[in-house]
file upload08.txt (compact mmCIF, C-alpha atoms)
# COMPACT_ATOMS: atom_id res chain seq x y z
CA MET A 1 116.05 122.40 69.13
CA LYS A 2 117.30 122.71 72.69
CA SER A 3 117.34 119.72 74.95
CA LEU A 4 118.05 118.57 78.46
CA ASN A 5 119.51 115.16 79.29
CA ILE A 6 119.58 113.74 82.79
CA VAL A 7 120.59 110.25 83.87
CA PHE A 8 119.62 109.21 87.38
CA LYS A 9 119.32 106.10 89.56
CA ASN A 10 116.16 104.14 90.39
CA ASP A 11 115.83 105.84 93.76
CA LEU A 12 112.98 108.23 94.70
CA ALA A 13 115.55 110.40 96.49
CA GLU A 14 116.98 111.24 93.05
CA LEU A 15 113.78 112.99 91.96
CA GLN A 16 114.56 116.27 93.71
CA ARG A 17 117.71 116.69 91.61
CA VAL A 18 115.85 115.66 88.45
CA TYR A 19 113.08 118.21 89.06
CA GLU A 20 115.58 121.00 89.75
CA GLY A 21 117.23 120.35 86.39
CA VAL A 22 113.86 120.14 84.62
CA ASP A 23 112.53 123.34 86.22
CA SER A 24 115.62 125.28 85.30
CA PHE A 25 115.33 124.08 81.66
CA LEU A 26 111.59 124.89 81.47
CA GLU A 27 112.21 128.34 82.91
CA THR A 28 114.97 129.09 80.40
CA GLU A 29 112.64 127.98 77.59
CA GLN A 30 109.83 130.16 79.03
CA ILE A 31 107.38 127.30 79.03
CA PRO A 32 103.89 128.40 80.22
CA GLU A 33 102.79 127.50 83.74
CA GLU A 34 100.02 125.14 82.61
CA THR A 35 102.48 123.12 80.50
CA VAL A 36 104.95 123.05 83.39
CA PHE A 37 102.23 121.50 85.57
CA THR A 38 101.60 118.78 82.97
CA VAL A 39 105.35 118.07 82.72
CA HIS A 40 105.62 117.76 86.50
CA LEU A 41 102.63 115.45 86.68
CA SER A 42 103.80 113.26 83.78
CA LEU A 43 107.32 112.87 85.17
CA GLU A 44 106.06 112.26 88.68
CA GLU A 45 103.64 109.51 87.63
CA MET A 46 105.83 107.79 85.05
CA ILE A 47 109.15 107.92 86.90
CA SER A 48 107.75 106.94 90.28
CA ASN A 49 106.01 103.96 88.59
CA ILE A 50 109.31 102.89 87.03
CA ILE A 51 111.20 103.23 90.32
CA LYS A 52 108.51 101.48 92.39
CA TYR A 53 107.49 98.65 90.04
CA GLY A 54 110.00 98.50 87.20
CA PHE A 55 112.76 96.39 88.68
CA ASP A 56 112.76 92.92 90.17
CA ASP A 57 116.28 93.03 91.56
CA ALA A 58 117.97 95.15 94.21
CA ALA A 59 120.62 96.49 91.82
CA SER A 60 121.08 100.11 90.95
CA HIS A 61 119.77 100.99 87.48
CA ASP A 62 120.10 104.06 85.29
CA ILE A 63 117.00 105.85 84.07
CA SER A 64 117.46 108.47 81.38
CA LEU A 65 115.30 111.49 80.73
CA GLN A 66 115.49 113.73 77.73
CA ILE A 67 113.34 116.82 77.24
CA SER A 68 113.52 118.78 74.02
CA ALA A 69 111.74 122.03 73.28
CA GLN A 70 110.58 123.22 69.91
CA GLY A 71 108.92 126.53 70.60
CA LYS A 72 106.38 125.78 73.32
CA LYS A 73 106.09 122.12 72.31
CA LEU A 74 107.99 119.62 74.43
CA LYS A 75 109.05 116.09 73.66
CA ILE A 76 109.92 113.94 76.65
CA VAL A 77 111.72 110.61 76.35
CA ILE A 78 112.13 108.32 79.36
CA GLU A 79 114.20 105.16 79.06
CA ASP A 80 114.83 102.41 81.59
CA ASP A 81 116.14 98.85 81.47
CA GLY A 82 113.46 97.48 83.80
CA ILE A 83 110.70 94.92 83.29
CA GLU A 84 108.94 95.40 79.95
CA PHE A 85 105.90 97.59 80.60
CA ASN A 86 103.78 99.41 78.07
CA PRO A 87 101.62 102.06 79.81
CA VAL A 88 99.87 102.85 76.51
CA SER A 89 98.35 99.34 76.44
CA VAL A 90 96.83 99.69 79.91
CA PRO A 91 93.03 99.66 79.33
CA GLU A 92 91.29 103.01 79.62
CA LYS A 93 90.11 103.55 83.18
CA ASP A 94 86.39 103.92 83.78
CA THR A 95 86.32 107.03 85.96
CA GLN A 96 82.51 107.12 86.20
CA ILE A 97 82.11 104.03 88.37
CA PRO A 98 80.67 104.56 91.88
CA LEU A 99 83.03 105.44 94.69
CA HIS A 100 82.81 102.14 96.56
CA GLU A 101 83.99 100.33 93.43
CA LYS A 102 86.72 102.83 92.60
CA LYS A 103 90.10 101.19 92.40
CA ILE A 104 93.06 103.12 93.62
CA GLY A 105 95.63 101.80 91.12
CA GLY A 106 96.11 102.98 87.55
CA LEU A 107 95.05 106.58 88.16
CA GLY A 108 98.49 108.01 87.43
CA ILE A 109 98.68 106.50 83.94
CA HIS A 110 95.09 107.58 83.26
CA LEU A 111 95.95 111.19 84.19
CA VAL A 112 99.05 111.29 82.00
CA LYS A 113 97.29 109.75 78.98
CA ASN A 114 94.56 112.38 79.24
CA MET A 115 96.80 115.38 79.80
CA VAL A 116 99.49 114.93 77.15
CA GLN A 117 99.01 115.43 73.39
CA ASP A 118 100.63 112.16 72.47
CA ILE A 119 102.09 109.12 74.19
CA SER A 120 103.93 106.25 72.55
CA TYR A 121 105.89 103.26 73.76
CA SER A 122 108.40 100.87 72.30
CA ARG A 123 110.78 98.24 73.61
CA LYS A 124 114.20 98.98 72.17
CA ASN A 125 117.44 97.12 72.89
CA GLY A 126 116.05 95.64 76.11
CA LYS A 127 114.80 99.03 77.30
CA ASN A 128 111.41 100.63 77.84
CA HIS A 129 111.27 103.72 75.64
CA LEU A 130 108.41 106.10 76.42
CA GLU A 131 107.77 109.27 74.43
CA LEU A 132 105.40 112.02 75.49
CA THR A 133 104.45 115.16 73.59
CA ILE A 134 103.17 118.09 75.61
CA LYS A 135 102.15 121.53 74.39
CA MET B 1 102.75 119.49 104.89
CA PHE B 2 99.38 119.63 106.69
CA LYS B 3 97.64 121.06 109.75
CA THR B 4 94.29 120.10 111.16
CA GLU B 5 91.59 122.24 112.74
CA VAL B 6 87.93 121.89 113.55
CA LYS B 7 85.79 124.51 111.81
CA GLU B 8 82.03 124.60 112.36
CA GLY B 9 82.23 121.11 113.75
CA LYS B 10 83.97 119.73 110.67
CA LEU B 11 87.52 118.44 110.62
CA THR B 12 89.46 120.61 108.17
CA ILE B 13 92.87 119.48 106.96
CA ASN B 14 94.92 122.34 105.52
CA PHE B 15 97.51 120.95 103.12
CA GLU B 16 100.62 122.88 102.15
CA GLY B 17 103.13 122.68 99.33
CA ARG B 18 103.51 119.95 96.71
CA MET B 19 101.35 116.88 97.22
CA ASP B 20 103.63 114.60 95.21
CA THR B 21 104.25 110.88 95.58
CA ALA B 22 107.01 111.22 98.19
CA THR B 23 105.10 113.77 100.32
CA CYS B 24 101.87 111.81 100.14
CA SER B 25 103.48 108.55 101.20
CA SER B 26 104.96 110.28 104.24
CA ILE B 27 101.62 111.82 105.37
CA GLU B 28 99.09 109.24 104.16
CA ALA B 29 98.87 107.16 107.35
CA GLU B 30 98.51 110.24 109.57
CA VAL B 31 95.86 111.84 107.33
CA ASN B 32 93.91 108.56 107.21
CA GLY B 33 94.13 108.33 111.01
CA ASN B 34 92.73 111.85 111.42
CA VAL B 35 89.91 111.15 108.96
CA GLU B 36 88.98 107.94 110.75
CA LYS B 37 88.81 109.65 114.14
CA ALA B 38 86.68 112.55 112.88
CA ASP B 39 82.93 112.66 113.44
CA GLY B 40 81.00 113.72 110.39
CA PRO B 41 82.20 115.38 107.19
CA VAL B 42 85.82 116.17 106.41
CA VAL B 43 87.22 119.13 104.48
CA PHE B 44 90.54 119.07 102.61
CA ASP B 45 91.65 122.68 102.09
CA LEU B 46 94.17 123.04 99.23
CA LYS B 47 94.75 126.79 99.59
CA GLY B 48 98.47 126.27 100.08
CA VAL B 49 98.87 123.55 97.43
CA ASP B 50 100.21 124.08 93.91
CA PHE B 51 100.63 120.46 92.77
CA VAL B 52 98.93 117.10 93.29
CA SER B 53 99.81 113.70 91.86
CA SER B 54 97.68 110.55 91.79
CA ALA B 55 99.06 109.77 95.26
CA PHE B 56 96.98 112.65 96.65
CA LEU B 57 93.88 111.46 94.76
CA ARG B 58 94.41 108.12 96.46
CA ILE B 59 94.27 109.85 99.87
CA CYS B 60 91.00 111.53 98.79
CA ILE B 61 89.44 108.25 97.60
CA SER B 62 90.42 106.58 100.80
CA ALA B 63 88.89 109.43 102.90
CA ALA B 64 85.69 109.45 100.83
CA LYS B 65 85.34 105.68 101.21
CA LYS B 66 85.67 106.00 105.00
CA LYS B 67 83.24 108.92 105.30
CA GLY B 68 80.85 108.33 102.41
CA ALA B 69 81.00 110.17 99.09
CA GLY B 70 79.05 113.25 100.20
CA ASN B 71 81.19 113.77 103.28
CA LEU B 72 84.48 114.82 101.70
CA GLN B 73 84.81 118.34 100.39
CA VAL B 74 87.92 119.65 98.64
CA LEU B 75 88.23 123.44 98.88
CA ASN B 76 90.37 126.12 97.21
CA ALA B 77 91.89 123.98 94.46
CA VAL B 78 93.69 126.01 91.77
CA PRO B 79 92.46 125.44 88.17
CA ALA B 80 95.25 122.99 87.26
CA ILE B 81 94.39 120.84 90.28
CA LYS B 82 90.65 121.04 89.52
CA LYS B 83 91.49 119.69 86.06
CA VAL B 84 93.32 116.71 87.60
CA PHE B 85 90.26 115.89 89.73
CA LYS B 86 88.01 116.20 86.68
CA ILE B 87 90.13 113.88 84.53
CA ALA B 88 90.17 111.37 87.38
CA GLY B 89 86.35 111.50 87.54
CA MET B 90 86.56 112.93 91.05
CA ASP B 91 85.18 116.43 90.54
CA GLN B 92 82.23 115.64 92.79
CA PHE B 93 84.55 116.35 95.73
CA ILE B 94 85.47 119.82 94.51
CA ALA B 95 83.47 122.59 96.15

call {"tool": "encode", "arguments": {"input": "upload08.txt", "output": "structure tokens"}}
result
Amino acid sequence: MKSLNIVFKNDLAELQRVYEGVDSFLETEQIPEETVFTVHLSLEEMISNIIKYGFDDAASHDISLQISAQGKKLKIVIEDDGIEFNPVSVPEKDTQIPLHEKKIGGLGIHLVKNMVQDISYSRKNGKNHLELTIK
Amino acid sequence: MFKTEVKEGKLTINFEGRMDTATCSSIEAEVNGNVEKADGPVVFDLKGVDFVSSAFLRICISAAKKKGAGNLQVLNAVPAIKKVFKIAGMDQFIA
């Protein structure tokens, strides 16, 4: 199984570098365009959530990303040492409610949960450990 | 990022590139300002867009709330983007 490991800081400016590394890996593995879109969306939503809401201090923190490919199936692991947060336990969003009642928050997690094959969370050694399976 | 024009009396905003979190936060205030000033329905044209995140959906919800649900139309979304709107329960905006 081939894999990509990137460690980056909790700074949105880091994302460009992360995406370049990810795109190059996905291209080498010849991952189909539709899967690439889902990877981009999942990383975008999950990592920007971590950077924006995951830390209650001004310190610099490491976030680690691992993507492994088995054929066309991808496993993504994101780890951070921020505030404990389990996106899997966020209640399912009711997308059918009328527009004037639509809440703006929580859409990103809803999208990811509904686009990936599997999502699981654990708190390990003081870190949030999120695993996504995409195929 | 985006350009505006008035077509058949409707404000059309032509978006370009990736509508990710960083891009959306840099254009959100200006897009909202344009939508507020416009008379009547607003069109978001996604011909030049290959990616949207929830940050772009937020811009759409905010525009639709200002104009009323029937007065926002999203045109030329590629299939992957249409799927995002559908999962979000926002496919009523897709023309």

call {"tool": "axis_aligned_box", "arguments": {"input": "upload08.txt", "around": "segment 46-54 of chain B", "padding_each_side": "6 Å", "output": "AutoDock Vina command-line options"}}
result
--center_x 97.4 --center_y 118.7 --center_z 95.9 --size_x 18.5 --size_y 28.2 --size_z 20.3

call {"tool": "residues_around", "arguments": {"input": "upload08.txt", "residues": "segment 39-47 of chain B", "least_positions_apart": "6", "cutoff": "7 Å", "atoms": "all atoms listed in the file", "output": "list in words"}}
result
Lys10, Leu11, Thr12, Ile13, Asn14, Phe15, Lys67, Asn71, Leu72, Gln73, Val74, Leu75, Asn76 and Ala77 of chain B

call {"tool": "closest_residue", "arguments": {"input": "upload08.txt", "among": "A:Leu132, A:Ile97, A:Ile50, A:Leu4", "to": "chain B", "atoms": "all atoms listed in the file"}}
result
A:Ile97

call {"tool": "residues_around", "arguments": {"input": "upload08.txt", "residues": "Glu16 of chain B", "least_positions_apart": "4", "cutoff": "10 Å", "atoms": "all atoms listed in the file", "output": "list in words"}}
result
Met1, Phe2, Lys3, Asp45, Leu46, Lys47, Gly48, Val49, Asp50 and Phe51 of chain B

call {"tool": "interface_residues", "arguments": {"input": "upload08.txt", "of": "chain B", "to": "chain A", "cutoff": "10 Å", "atoms": "all atoms listed in the file", "output": "mmCIF file with C-alpha atoms, in the coordinates of the input"}}
result
data_model
loop_
_atom_site.group_PDB
_atom_site.id
_atom_site.type_symbol
_atom_site.label_atom_id
_atom_site.label_comp_id
_atom_site.auth_asym_id
_atom_site.auth_seq_id
_atom_site.Cartn_x
_atom_site.Cartn_y
_atom_site.Cartn_z
ATOM 1 C CA ASP B 20 103.630 114.600 95.210
ATOM 2 C CA THR B 21 104.250 110.880 95.580
ATOM 3 C CA ALA B 22 107.010 111.220 98.190
ATOM 4 C CA ASP B 50 100.210 124.080 93.910
ATOM 5 C CA PHE B 51 100.630 120.460 92.770
ATOM 6 C CA VAL B 52 98.930 117.100 93.290
ATOM 7 C CA SER B 53 99.810 113.700 91.860
ATOM 8 C CA SER B 54 97.680 110.550 91.790
ATOM 9 C CA ALA B 55 99.060 109.770 95.260
ATOM 10 C CA LEU B 57 93.880 111.460 94.760
ATOM 11 C CA ARG B 58 94.410 108.120 96.460
ATOM 12 C CA ILE B 59 94.270 109.850 99.870
ATOM 13 C CA ILE B 61 89.440 108.250 97.600
ATOM 14 C CA SER B 62 90.420 106.580 100.800
ATOM 15 C CA ALA B 64 85.690 109.450 100.830
ATOM 16 C CA LYS B 65 85.340 105.680 101.210
ATOM 17 C CA LYS B 66 85.670 106.000 105.000
ATOM 18 C CA GLY B 68 80.850 108.330 102.410
ATOM 19 C CA ALA B 69 81.000 110.170 99.090
ATOM 20 C CA PRO B 79 92.460 125.440 88.170
ATOM 21 C CA ALA B 80 95.250 122.990 87.260
ATOM 22 C CA ILE B 81 94.390 120.840 90.280
ATOM 23 C CA LYS B 83 91.490 119.690 86.060
ATOM 24 C CA VAL B 84 93.320 116.710 87.600
ATOM 25 C CA PHE B 85 90.260 115.890 89.730
ATOM 26 C CA LYS B 86 88.010 116.200 86.680
ATOM 27 C CA ILE B 87 90.130 113.880 84.530
ATOM 28 C CA ALA B 88 90.170 111.370 87.380
ATOM 29 C CA GLY B 89 86.350 111.500 87.540
ATOM 30 C CA MET B 90 86.560 112.930 91.050
#

call {"tool": "atom_distance", "arguments": {"input": "upload08.txt", "atom1": "atom CA of Glu131 of chain A", "atom2": "atom CA of Val77 of chain A"}}
result
4.6 Å

call {"tool": "atom_distance", "arguments": {"input": "upload08.txt", "atom1": "atom CA of Asn5 of chain A", "atom2": "atom CA of Ser64 of chain A"}}
result
7.3 Å

call {"tool": "atom_distance", "arguments": {"input": "upload08.txt", "atom1": "atom CA of Gly71 of chain A", "atom2": "atom CA of Val22 of chain A"}}
result
16.2 Å

call {"tool": "closest_residue", "arguments": {"input": "upload08.txt", "among": "A:Asn86, A:Ile76, A:Gly54, A:Val18", "to": "Asp118 of chain A", "atoms": "all atoms listed in the file"}}
result
A:Ile76

call {"tool": "residues_around", "arguments": {"input": "upload08.txt", "residues": "Pro32 of chain A", "least_positions_apart": "6", "cutoff": "12 Å", "atoms": "only C-alpha atoms", "output": "PDB file with C-alpha atoms, in the coordinates of the input"}}
result
ATOM      1  CA  ASP A  23     112.530 123.340  86.220  1.00  0.00           C
ATOM      2  CA  LEU A  26     111.590 124.890  81.470  1.00  0.00           C
ATOM      3  CA  THR A  38     101.600 118.780  82.970  1.00  0.00           C
ATOM      4  CA  VAL A  39     105.350 118.070  82.720  1.00  0.00           C
ATOM      5  CA  GLY A  71     108.920 126.530  70.600  1.00  0.00           C
ATOM      6  CA  LYS A  72     106.380 125.780  73.320  1.00  0.00           C
ATOM      7  CA  LYS A  73     106.090 122.120  72.310  1.00  0.00           C
ATOM      8  CA  LEU A  74     107.990 119.620  74.430  1.00  0.00           C
ATOM      9  CA  ILE A 134     103.170 118.090  75.610  1.00  0.00           C
ATOM     10  CA  LYS A 135     102.150 121.530  74.390  1.00  0.00           C
TER      11      LYS A 135
END

call {"tool": "closest_residue", "arguments": {"input": "upload08.txt", "among": "B:Phe56, B:Lys82, B:Ala95, B:Glu5", "to": "Asn34 of chain B", "atoms": "only C-alpha atoms"}}
result
B:Glu5

call {"tool": "closest_residue", "arguments": {"input": "upload08.txt", "among": "A:Leu43, A:Arg17, A:Arg123, A:Ile67", "to": "Asp80 of chain A", "atoms": "only C-alpha atoms"}}
result
A:Arg123

call {"tool": "closest_residue", "arguments": {"input": "upload08.txt", "among": "A:Val88, A:Val116, A:Ile51, A:Val36", "to": "Asn10 of chain A", "atoms": "all atoms listed in the file"}}
result
A:Ile51

call {"tool": "closest_residue", "arguments": {"input": "upload08.txt", "among": "A:Glu79, A:Tyr53, A:Glu92, A:Thr28", "to": "Ser122 of chain A", "atoms": "all atoms listed in the file"}}
result
A:Glu79
